[in-house]
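**Q** Data file coords_33.txt (compact mmCIF, C-alpha atoms) is appended below.
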# COMPACT_ATOMS: atom_id res chain seq x y z
CA MET D 1004 0.00 0.00 0.00
CA GLU D 1005 2.81 2.33 0.98
CA ARG D 1006 4.58 1.63 -2.30
CA VAL D 1007 1.41 2.58 -4.17
CA LEU D 1008 1.14 5.84 -2.26
CA LEU D 1009 4.74 6.73 -3.01
CA ALA D 1010 4.00 6.42 -6.71
CA LEU D 1011 0.98 8.73 -6.57
CA SER D 1012 1.27 12.34 -7.62
CA GLU D 1013 0.50 15.17 -5.26
CA ALA D 1014 -2.84 15.84 -7.00
CA GLU D 1015 -3.85 12.18 -6.69
CA LEU D 1016 -2.93 12.09 -3.01
CA VAL D 1017 -4.94 15.24 -2.35
CA HIS D 1018 -7.88 13.78 -4.23
CA HIS D 1019 -7.78 10.56 -2.18
CA ALA D 1020 -7.37 12.53 1.05
CA GLN D 1021 -10.36 14.69 0.14
CA HIS D 1022 -12.38 11.51 0.02
CA GLY D 1023 -11.31 10.57 3.52
CA ASP D 1024 -8.20 8.46 2.79
CA ARG D 1025 -6.01 8.98 5.86
CA SER D 1026 -3.02 7.09 4.48
CA ALA D 1027 -2.95 9.42 1.46
CA PHE D 1028 -2.95 12.37 3.81
CA ALA D 1029 -0.15 10.79 5.86
CA GLU D 1030 1.91 10.62 2.67
CA LEU D 1031 1.26 14.32 2.07
CA VAL D 1032 2.46 15.06 5.60
CA ARG D 1033 5.63 13.04 4.96
CA ARG D 1034 6.32 14.93 1.75
CA TYR D 1035 5.69 18.44 3.02
CA HIS D 1036 6.45 18.55 6.72
CA THR D 1037 10.05 19.74 6.27
CA ASN D 1038 9.01 22.66 4.07
CA VAL D 1039 6.17 23.62 6.36
CA ILE D 1040 8.34 23.50 9.48
CA GLY D 1041 11.02 25.52 7.68
CA VAL D 1042 8.60 28.30 6.80
CA VAL D 1043 7.03 28.34 10.22
CA TYR D 1044 10.39 28.28 11.98
CA ARG D 1045 11.51 31.36 10.11
CA LEU D 1046 8.28 32.98 11.09
CA CYS D 1047 8.41 32.28 14.81
CA GLY D 1048 12.11 31.67 15.47
CA ASP D 1049 11.48 28.80 17.87
CA PRO D 1050 12.00 25.17 16.80
CA ASP D 1051 9.50 23.69 19.27
CA LEU D 1052 6.87 26.28 18.46
CA ALA D 1053 7.52 25.68 14.76
CA GLU D 1054 6.82 21.96 15.09
CA ASP D 1055 3.68 22.60 17.12
CA ALA D 1056 2.46 25.12 14.55
CA ALA D 1057 3.27 22.72 11.71
CA GLN D 1058 1.30 19.93 13.39
CA GLU D 1059 -1.58 22.31 13.96
CA ALA D 1060 -1.37 23.35 10.30
CA PHE D 1061 -1.66 19.76 9.08
CA VAL D 1062 -4.62 19.11 11.37
CA ARG D 1063 -6.34 22.25 10.04
CA ALA D 1064 -5.51 21.19 6.50
CA TRP D 1065 -7.17 17.81 7.12
CA LEU D 1066 -10.27 19.44 8.54
CA ASN D 1067 -10.54 21.92 5.67
CA LEU D 1068 -9.55 19.66 2.80
CA ASN D 1069 -12.94 20.04 1.18
CA THR D 1070 -12.33 23.76 0.70
CA TYR D 1071 -9.16 23.11 -1.29
CA ARG D 1072 -9.43 23.84 -5.02
CA PRO D 1073 -6.95 22.15 -7.37
CA LEU D 1074 -6.57 25.48 -9.20
CA THR D 1075 -4.35 26.61 -6.33
CA PRO D 1076 -1.00 24.85 -5.87
CA TRP D 1077 -1.24 22.50 -2.92
CA ARG D 1078 1.98 23.91 -1.43
CA ASN D 1079 0.59 27.46 -1.42
CA TRP D 1080 -2.63 26.33 0.20
CA LEU D 1081 -0.65 24.49 2.88
CA TYR D 1082 1.65 27.46 3.48
CA ARG D 1083 -1.37 29.66 3.92
CA ILE D 1084 -2.69 27.41 6.67
CA ALA D 1085 0.76 27.02 8.24
CA VAL D 1086 1.45 30.75 8.34
CA ASN D 1087 -1.94 31.46 9.85
CA ALA D 1088 -1.45 28.70 12.43
CA ALA D 1089 1.95 30.17 13.33
CA LEU D 1090 0.57 33.71 13.58
CA ASP D 1091 -2.21 32.44 15.86
CA MET D 1092 0.36 30.73 18.08
CA LEU D 1093 2.53 33.85 18.18
CA ARG D 1094 -0.49 35.89 19.23
CA ARG D 1095 -1.34 33.41 21.98
CA GLU D 1096 2.10 32.61 23.32
CA ARG D 1097 4.23 35.69 22.55
CA PRO D 1098 7.37 33.62 22.97
CA THR D 1099 10.70 35.08 23.81
CA LEU D 1100 13.11 34.76 20.97
CA ALA D 1101 14.87 31.46 21.24
CA LEU D 1102 17.89 32.53 19.31
CA ASP D 1103 20.27 31.92 22.17
CA ASP D 1104 19.02 28.34 22.27
CA ALA D 1105 19.37 27.91 18.56
CA PRO D 1106 21.53 25.00 17.51
CA PRO D 1107 25.16 25.77 16.82
CA LEU D 1108 25.64 26.80 13.24
CA HIS D 1109 28.37 24.92 11.54
CA SER D 1110 30.38 26.20 8.66
CA ASP D 1111 32.44 24.41 6.11
CA SER D 1112 34.87 27.30 5.97
CA PRO D 1113 38.40 26.30 7.02
CA ASP D 1114 39.02 29.85 8.26
CA PRO D 1115 37.79 30.08 11.90
CA HIS D 1116 37.60 33.85 11.70
CA ALA D 1117 35.46 33.76 8.57
CA ALA D 1118 33.27 31.04 10.11
CA LEU D 1119 32.76 33.12 13.23
CA GLU D 1120 31.94 36.16 11.15
CA GLN D 1121 29.43 34.19 9.11
CA LYS D 1122 27.76 32.85 12.24
CA GLU D 1123 27.58 36.32 13.69
CA ARG D 1124 25.99 37.61 10.51
CA GLU D 1125 23.47 34.76 10.40
CA ASP D 1126 22.47 35.47 13.99
CA LEU D 1127 22.03 39.11 13.11
CA VAL D 1128 19.86 38.28 10.12
CA ARG D 1129 17.71 35.94 12.23
CA ARG D 1130 17.32 38.56 14.94
CA ALA D 1131 16.53 41.27 12.43
CA ILE D 1132 13.83 39.10 10.83
CA LEU D 1133 12.30 38.37 14.21
CA THR D 1134 12.08 42.09 15.03
CA LEU D 1135 9.69 42.56 12.12
CA PRO D 1136 5.96 42.71 12.81
CA PRO D 1137 4.52 39.19 12.32
CA ALA D 1138 2.38 40.28 9.37
CA SER D 1139 5.42 41.65 7.49
CA ARG D 1140 7.51 38.67 8.55
CA ALA D 1141 4.94 36.29 7.07
CA VAL D 1142 5.12 38.05 3.70
CA LEU D 1143 8.92 38.11 3.74
CA VAL D 1144 9.22 34.44 4.70
CA LEU D 1145 6.75 33.30 2.04
CA ARG D 1146 8.60 35.31 -0.58
CA GLU D 1147 12.21 34.61 0.35
CA TYR D 1148 11.95 31.14 1.80
CA GLY D 1149 8.71 29.81 0.36
CA GLY D 1150 9.47 31.26 -3.09
CA LEU D 1151 5.86 32.33 -3.64
CA SER D 1152 5.00 35.07 -6.14
CA TYR D 1153 3.33 38.28 -4.97
CA ARG D 1154 0.00 37.04 -6.23
CA GLU D 1155 0.40 33.68 -4.50
CA ILE D 1156 1.28 35.42 -1.23
CA ALA D 1157 -1.80 37.63 -1.58
CA GLU D 1158 -3.94 34.53 -2.04
CA ALA D 1159 -2.18 32.61 0.72
CA LEU D 1160 -2.62 35.36 3.31
CA ASN D 1161 -5.90 36.62 1.90
CA ILE D 1162 -4.65 40.19 1.60
CA PRO D 1163 -4.58 42.60 -1.37
CA LEU D 1164 -1.60 42.51 -3.70
CA GLY D 1165 -0.76 46.12 -2.80
CA THR D 1166 -0.51 45.14 0.86
CA VAL D 1167 1.88 42.32 -0.03
CA MET D 1168 4.13 44.74 -1.87
CA SER D 1169 4.07 47.43 0.80
CA ARG D 1170 4.74 44.93 3.60
CA LEU D 1171 7.55 43.30 1.66
CA SER D 1172 9.08 46.64 0.82
CA SER D 1173 8.95 47.90 4.40
CA ALA D 1174 10.29 44.59 5.75
CA ARG D 1175 13.26 44.70 3.42
CA GLN D 1176 13.86 48.36 4.18
CA HIS D 1177 13.82 47.55 7.89
CA LEU D 1178 16.32 44.72 7.39
CA ARG D 1179 18.61 46.87 5.25
CA GLU D 1180 18.67 49.50 7.98
CA HIS D 1181 19.36 46.90 10.70
CA LEU D 1182 22.07 45.21 8.70
CA ALA D 1183 23.54 48.34 7.15
CA PRO D 1184 26.98 47.86 8.72
CA TRP D 1185 27.16 44.42 7.14
CA LEU D 1186 25.90 45.53 3.78
CA THR D 1187 29.12 47.34 3.03
CA PRO D 1188 30.29 47.69 -0.56
CA GLN D 1189 32.80 44.86 0.01
CA GLU D 1190 30.06 42.50 1.27
CA VAL D 1191 27.70 43.51 -1.48
CA ASN D 1192 30.26 43.09 -4.23
CA SER D 1193 31.67 39.84 -2.89
CA MET U 375 20.44 61.08 -12.52
CA SER U 376 16.96 62.11 -11.33
CA ASP U 377 15.04 59.23 -12.87
CA HIS U 378 16.03 56.51 -10.40
CA VAL U 379 14.13 53.23 -10.39
CA THR U 380 14.40 52.54 -6.65
CA HIS U 381 10.66 51.92 -6.31
CA LEU U 382 10.88 49.16 -8.94
CA LEU U 383 13.94 47.36 -7.64
CA ASP U 384 12.14 44.93 -5.33
CA ALA U 385 9.71 43.89 -8.06
CA TYR U 386 12.64 43.69 -10.51
CA LEU U 387 14.54 41.43 -8.15
CA ASP U 388 11.47 39.26 -7.58
CA ASN U 389 10.83 39.00 -11.32
CA GLU U 390 7.42 40.60 -10.93
CA LEU U 391 7.70 43.27 -13.63
CA ARG U 392 6.29 43.09 -17.11
CA SER U 393 8.91 42.59 -19.79
CA ALA U 394 8.84 46.19 -21.10
CA GLU U 395 9.25 47.59 -17.60
CA ARG U 396 11.90 45.04 -16.77
CA GLN U 397 13.83 46.11 -19.83
CA ARG U 398 13.53 49.77 -18.86
CA VAL U 399 14.89 49.03 -15.37
CA ALA U 400 17.73 46.95 -16.83
CA GLN U 401 18.68 49.79 -19.15
CA HIS U 402 18.68 52.24 -16.26
CA LEU U 403 20.77 49.92 -14.09
CA ALA U 404 23.38 49.74 -16.82
CA ILE U 405 24.00 53.47 -16.56
CA CYS U 406 23.17 54.33 -12.93
CA ALA U 407 25.75 53.31 -10.36
CA ALA U 408 23.55 54.30 -7.39
CA CYS U 409 20.62 52.12 -8.44
CA HIS U 410 22.97 49.29 -9.40
CA HIS U 411 24.55 49.37 -5.95
CA ASP U 412 21.11 49.50 -4.36
CA LEU U 413 20.11 46.40 -6.32
CA LEU U 414 23.27 44.56 -5.25
CA ALA U 415 22.52 45.33 -1.60
CA ARG U 416 19.00 43.96 -2.01
CA GLN U 417 20.32 40.84 -3.74
CA THR U 418 22.85 40.26 -0.98
CA LEU U 419 20.21 40.60 1.71
CA SER U 420 17.92 38.23 -0.16
CA THR U 421 20.72 35.67 -0.45
CA TRP U 422 21.46 35.93 3.26
CA ILE U 423 17.83 35.26 4.15
CA ARG U 424 17.47 32.37 1.74
CA THR U 425 20.68 30.67 2.80
CA LEU U 426 20.09 30.79 6.53
CA PRO U 427 21.08 27.32 7.78
CA GLU U 428 18.24 24.86 8.19
CA ASP U 429 19.85 22.71 10.83
CA LEU U 430 16.72 22.52 12.92
CA PRO U 431 16.53 19.80 15.57
CA LEU U 432 13.64 18.25 13.66
CA THR U 433 11.58 15.38 14.90
CA PRO U 434 12.16 12.49 12.49
CA GLY U 435 9.68 12.48 9.61
CA GLU U 436 7.90 9.24 10.52
CA ARG U 437 7.47 10.32 14.12
CA PHE U 438 6.19 13.74 13.10
CA THR U 439 3.73 12.13 10.68
CA ALA U 440 2.56 9.70 13.35
CA GLN U 441 2.03 12.56 15.80
CA VAL U 442 -0.04 14.44 13.23
CA MET U 443 -2.10 11.36 12.35
CA LEU U 444 -2.85 10.74 16.03
CA ARG U 445 -4.24 14.25 16.30
CA LEU U 446 -6.49 13.97 13.25
CA PRO U 447 -10.16 13.86 14.16
CA PRO U 448 -12.48 11.78 11.99
CA ARG U 449 -13.69 13.71 9.00
CA ARG U 450 -16.69 12.93 6.88
CA ALA U 451 -15.58 12.34 3.33
CA ALA U 452 -17.07 14.83 0.96
CA THR U 453 -16.56 15.57 -2.63
CA ALA U 454 -14.77 18.76 -3.51
CA GLN U 455 -17.08 21.46 -4.75
CA PRO U 456 -16.67 22.50 -8.35
CA SER U 457 -14.56 25.59 -8.74
CA ASN U 458 -15.95 28.83 -10.07
CA ALA U 459 -19.29 27.17 -10.72
CA LEU U 460 -20.97 30.56 -10.77
CA VAL U 461 -19.09 31.63 -13.91
CA TRP U 462 -20.75 29.06 -16.11
CA GLY U 463 -23.41 27.53 -13.90
CA VAL U 464 -25.72 30.54 -13.60
CA PRO U 465 -25.74 31.46 -17.32
CA LEU U 466 -26.11 27.79 -18.26
CA ALA U 467 -29.08 27.36 -15.94
CA LEU U 468 -30.72 30.49 -17.36
CA LEU U 469 -30.04 29.28 -20.90
CA ILE U 470 -31.63 25.90 -20.21
CA ILE U 471 -34.70 27.54 -18.68
CA TRP U 472 -34.94 29.90 -21.62
CA SER U 473 -34.56 27.04 -24.15
CA VAL U 474 -37.30 24.99 -22.48
CA LEU U 475 -39.63 28.00 -22.49
CA GLN U 476 -38.80 28.65 -26.14
CA VAL U 477 -39.57 25.07 -27.11
CA ILE U 478 -42.90 25.16 -25.26
CA TRP U 479 -43.79 28.55 -26.73
CA GLY U 480 -42.72 27.45 -30.22
CA ALA U 481 -44.84 24.30 -30.03
CA ILE U 482 -47.87 26.29 -28.91
CA THR U 483 -47.35 28.84 -31.69
CA TRP U 484 -47.01 26.20 -34.38
CA LEU U 485 -50.09 24.40 -33.17
CA ARG U 486 -52.05 27.66 -33.16
CA LEU U 487 -50.81 28.61 -36.62
CA GLY U 488 -51.57 25.14 -37.91
CA ALA U 489 -55.07 25.33 -36.60
CA GLN U 490 -55.61 28.80 -38.05
CA SER U 491 -54.09 28.28 -41.47
CA GLY U 492 -54.97 24.70 -42.28
CA LEU U 493 -51.85 22.84 -41.40
CA LEU U 494 -53.20 19.63 -42.85
CA THR U 495 -53.99 21.23 -46.23
CA ASN U 496 -51.44 21.88 -48.97
CA GLU U 497 -50.22 25.13 -47.47
CA ALA U 498 -46.92 25.20 -45.65
CA PRO U 499 -47.39 26.58 -42.16
CA GLY U 500 -44.06 28.37 -42.15
CA LEU U 501 -45.19 30.75 -44.86
CA PHE U 502 -47.97 32.12 -42.73
CA THR U 503 -46.10 34.53 -40.62
CA THR U 504 -47.21 37.78 -39.19
CA GLY U 505 -44.02 39.61 -40.06
CA THR U 506 -45.52 42.78 -41.47
CA ARG U 507 -43.53 45.09 -39.25
CA SER U 508 -40.63 45.44 -41.65
CA LEU U 509 -40.18 48.65 -43.60
CA TRP U 510 -38.40 46.62 -46.20
CA LEU U 511 -41.49 44.41 -46.52
CA ALA U 512 -43.77 47.42 -46.87
CA LEU U 513 -41.53 48.84 -49.58
CA LEU U 514 -41.45 45.55 -51.44
CA THR U 515 -45.22 45.25 -51.23
CA MET U 516 -45.65 48.76 -52.54
CA LEU U 517 -43.20 48.21 -55.41
CA GLY U 518 -44.70 44.82 -56.16
CA SER U 519 -48.17 46.27 -56.49
CA ALA U 520 -46.89 48.96 -58.82
CA ALA U 521 -44.82 46.66 -61.01
CA PRO U 522 -46.63 45.61 -64.17
CA SER U 523 -44.27 42.86 -65.31
CA PRO U 524 -45.24 39.33 -64.14
CA THR U 525 -41.56 38.33 -63.99
CA LEU U 526 -40.75 41.24 -61.72
CA GLN U 527 -43.86 40.43 -59.66
CA ALA U 528 -42.57 36.89 -59.13
CA ILE U 529 -39.13 38.11 -58.13
CA LEU U 530 -40.56 40.63 -55.74
CA GLN U 531 -42.84 38.02 -54.24
CA TRP U 532 -39.84 35.81 -53.72
CA PHE U 533 -38.10 38.69 -51.97
CA GLN U 534 -41.23 39.20 -49.91
CA GLN U 535 -41.20 35.58 -48.74
CA ALA U 536 -37.49 35.79 -48.06
CA ASP U 537 -38.02 38.91 -46.01
CA ARG U 538 -40.74 37.22 -43.98
CA TRP U 539 -38.49 34.26 -43.27
CA PHE U 540 -35.63 36.61 -42.52
CA GLY U 541 -37.88 38.51 -40.12
CA GLU U 542 -38.61 35.30 -38.27
CA TRP U 543 -35.00 34.24 -38.10
CA LEU U 544 -33.87 37.75 -37.26
CA GLY U 545 -36.04 37.61 -34.17
CA LEU U 546 -34.43 34.33 -33.17
CA ILE U 547 -30.91 35.55 -33.89
CA THR U 548 -31.57 38.73 -31.94
CA TRP U 549 -32.58 36.65 -28.96
CA GLN U 550 -29.44 34.57 -29.18
CA ALA U 551 -27.31 37.67 -29.60
CA GLN U 552 -28.94 39.12 -26.51
CA ILE U 553 -28.14 35.97 -24.57
CA ALA U 554 -24.55 36.04 -25.80
CA LEU U 555 -24.32 39.72 -24.83
CA PHE U 556 -25.65 39.06 -21.34
CA TYR U 557 -23.16 36.23 -20.93
CA LEU U 558 -20.30 38.47 -22.07
CA ILE U 559 -21.39 41.17 -19.63
CA TRP U 560 -21.53 38.51 -16.92
CA LEU U 561 -18.00 37.35 -17.75
CA LEU U 562 -16.73 40.93 -17.88
CA LEU U 563 -18.20 41.72 -14.47
CA TRP U 564 -16.70 38.52 -13.10
CA GLY U 565 -13.31 39.33 -14.60
CA LEU U 566 -13.47 42.89 -13.31
CA HIS U 567 -14.26 41.61 -9.86
CA ARG U 568 -11.23 39.29 -9.95
CA TYR U 569 -9.01 41.98 -11.47
CA ARG U 570 -9.94 44.46 -8.74
CA ALA U 571 -9.10 41.85 -6.14
CA HIS U 572 -5.74 41.07 -7.77
CA PRO U 573 -4.34 43.72 -10.13
CA SER U 574 -0.88 43.10 -11.55
CA PRO U 575 2.18 44.19 -9.52
CA SER U 576 3.34 46.59 -12.22
CA GLU U 577 0.01 48.38 -12.25
CA LEU U 578 0.04 48.65 -8.49
CA ILE U 579 3.50 50.16 -8.51
CA HIS U 580 2.28 52.81 -10.94
CA THR U 581 -0.83 53.45 -8.89
CA MET U 582 1.18 53.82 -5.71
CA LYS U 583 3.72 56.05 -7.42
CA SER U 584 1.14 58.36 -8.93
CA ALA U 585 -0.87 58.57 -5.68
Please express what this file holds, its structure, as structure tokens.
**A**
Amino acid sequence: MERVLLALSEAELVHHAQHGDRSAFAELVRRYHTNVIGVVYRLCGDPDLAEDAAQEAFVRAWLNLNTYRPLTPWRNWLYRIAVNAALDMLRRERPTLALDDAPPLHSDSPDPHAALEQKEREDLVRRAILTLPPASRAVLVLREYGGLSYREIAEALNIPLGTVMSRLSSARQHLREHLAPWLTPQEVNS
Amino acid sequence: MSDHVTHLLDAYLDNELRSAERQRVAQHLAICAACHHDLLARQTLSTWIRTLPEDLPLTPGERFTAQVMLRLPPRRAATAQPSNALVWGVPLALLIIWSVLQVIWGAITWLRLGAQSGLLTNEAPGLFTTGTRSLWLALLTMLGSAAPSPTLQAILQWFQQADRWFGEWLGLITWQAQIALFYLIWLLLWGLHRYRAHPSPSELIHTMKSA
């Protein structure tokens, strides 16, 4: 049975799941949980919260499968649910940023100084992203990490296209200001 | 350089501009060092965000899936609803209703005409129309009455019959054209509604800039 599921396309799995097939839905969870957790983690900055939000997102997806239209890419529909689940959790829990507890970031660079500098910069980028308002952060994460187009983000978050663009623009502006010392001509040109 | 394209750089970077606008920005970037540097900074920032390490302490996939499946409540299987059914469903329903009414009305009319004009005699019922509203028909009748030649009379009578038939069919075609027009208006309104909800990024940039 599992071998059959592995051979099914995403659209077929969704179709089976819409008709109540739990094993088809389990296969969808297997295929997409890493992406969903990745998006949610960048949104909330806490690994545990990200997994909880991702689980919640899949449960909501299961409950609302009948509202899914094949015209929309499944991934976008799932991201929409995941981002909303994460925003709900952020509203409820208001977690402290878990950056200090973040796993050590390894680098393949043989130069310890360069590796340290890269880690420092990555921490700064993470912190800067987490200082954004959640609504702007959601747009930025879906664009930069999820790779969604403006229109897809608008549909995913159910907001006008103009709002997507203004939130994305202000988020990037905010990040550029926060990371200005790092965005030196040498960094930019390297 | 006063004509900077700063407001377009994000959309340029995200490949959200139309080709003409994209070309215009590319041409400007080739000659404007300030905008070019601005673009490079945005690209760098974007790369930094996208390449943030993903070494999350993730729960193994099978365990995560099992945890999700344990949380799933039973759900009644239901078929997915058809998408955008309104776009074609409403006009189609109206068209079917209209067609049924037309068939009923047509049958009644033919029966009435048959009864009035002797359907079972040698006369063809279709020739007995009441299409005397046409100016063209009136003109033909007038000319036909005045024409002395029997050949011309025959031709004019043929035209008269043709005009009557045309009058009948014209009515039918007009109805169909009206239906087609209503359907087009329906589609246009639907499209306008969708367009207002999601205009293109380029148009929004222009709107925001001119506001």
**Q** Using only C-alpha atoms, which protein or nucleic acid residues come within 8 Å of Arg1179 in chain D? Drop anything in the same chain fewer than 5 positions from it, and give the result as a compact mmCIF listing (two decimals) with C-alpha atoms, in the coordinates of the input.
**A**
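Once everything was written out, this is selection.txt:
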# COMPACT_ATOMS: atom_id res chain seq x y z
CA LEU D 1186 25.90 45.53 3.78
CA ARG U 416 19.00 43.96 -2.01
CA LEU U 419 20.21 40.60 1.71
**Q** Taking into account only C-alpha atoms, which residue in the set U:Thr483, U:Pro465, U:Leu387, U:His381 is nearest to Leu555 in chain U?
**A** U:Pro465
**Q** Edge lengths and centre in Å to one decimal, as AutoDock Vina command-line options, is what I'm after for the box along x, y and z that holds all listed atoms of range 1058-1067 of chain D once 3 Å is added on each side.
**A**
--center_x -4.6 --center_y 20.6 --center_z 9.8 --size_x 17.8 --size_y 11.5 --size_z 14.3
**Q** What is the distance, in Å and to one decimal place, between CA of Arg1025 in chain D and CA of Pro1050 in chain D?
**A**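 Pair CA of Arg1025 in chain D / CA of Pro1050 in chain D returns 26.6 Å.
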**Q** Please return, as a PyMOL selection string, all polymer residues that have at least one atom within 8 Å of the point (-27.6, 35.9, -12.6); use only C-alpha atoms and the file's own coordinate frame.
**A** chain U and resi 464-465+468+560
**Q** Which of these, U:Gln401, U:Thr380, U:Gln535, U:Thr525, has the shortest distance to chain D once you count all atoms listed in the file?
**A**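 Smallest separation from chain D among the options: U:Thr380.
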**Q** Which residue, D:Leu1133, D:Val1128, D:Cys1047, D:Ala1157, has the smallest gap to Arg1094 in chain D when you use all atoms listed in the file?
**A** D:Cys1047
**Q** What does the distance between CA of Leu1016 in chain D and CA of Ala1085 in chain D come to in Å, to one decimal place?
**A**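 Rounded to one decimal, the two atoms are 19.1 Å apart.
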**Q** Work out how far CA of Thr1075 in chain D is from CA of Gln1058 in chain D, in Å to one decimal.
**A**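 Taking CA of Gln1058 in chain D and CA of Thr1075 in chain D, their separation equals 21.6 Å.
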**Q** Could you list as a VMD selection string every residue that has an atom within 9 Å of (6.4, 43.1, 8.3), using the file's coordinates and counting only C-alpha atoms?
**A** chain D and resid 1132 1134 to 1143 1169 to 1175 1177
**Q** Using all atoms listed in the file, pick whichever of D:Arg1083, D:Arg1095, D:Arg1130, D:Arg1078 has the shortest atom-to-atom distance to chain U.
**A** D:Arg1130
**Q** Can you pull out the residues contacting Gly1149 in chain D? Cut-off 8 Å, using all atoms listed in the file, and skip same-chain residues under 4 positions away; I want them as a count of residues only.
**A** 3
**Q** Given all atoms listed in the file as the basis, pick out the residue of D:Gly1048, D:Gly1150, D:Gly1165, D:Pro1115 nearest to chain U.
**A** D:Gly1165
**Q** Using only C-alpha atoms, pick whichever of U:Leu487, U:Leu558, U:Leu391, U:Ile471 has the shortest atom-to-atom distance to chain D.
**A**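 Among the listed residues, the smallest separation from chain D belongs to U:Leu391.
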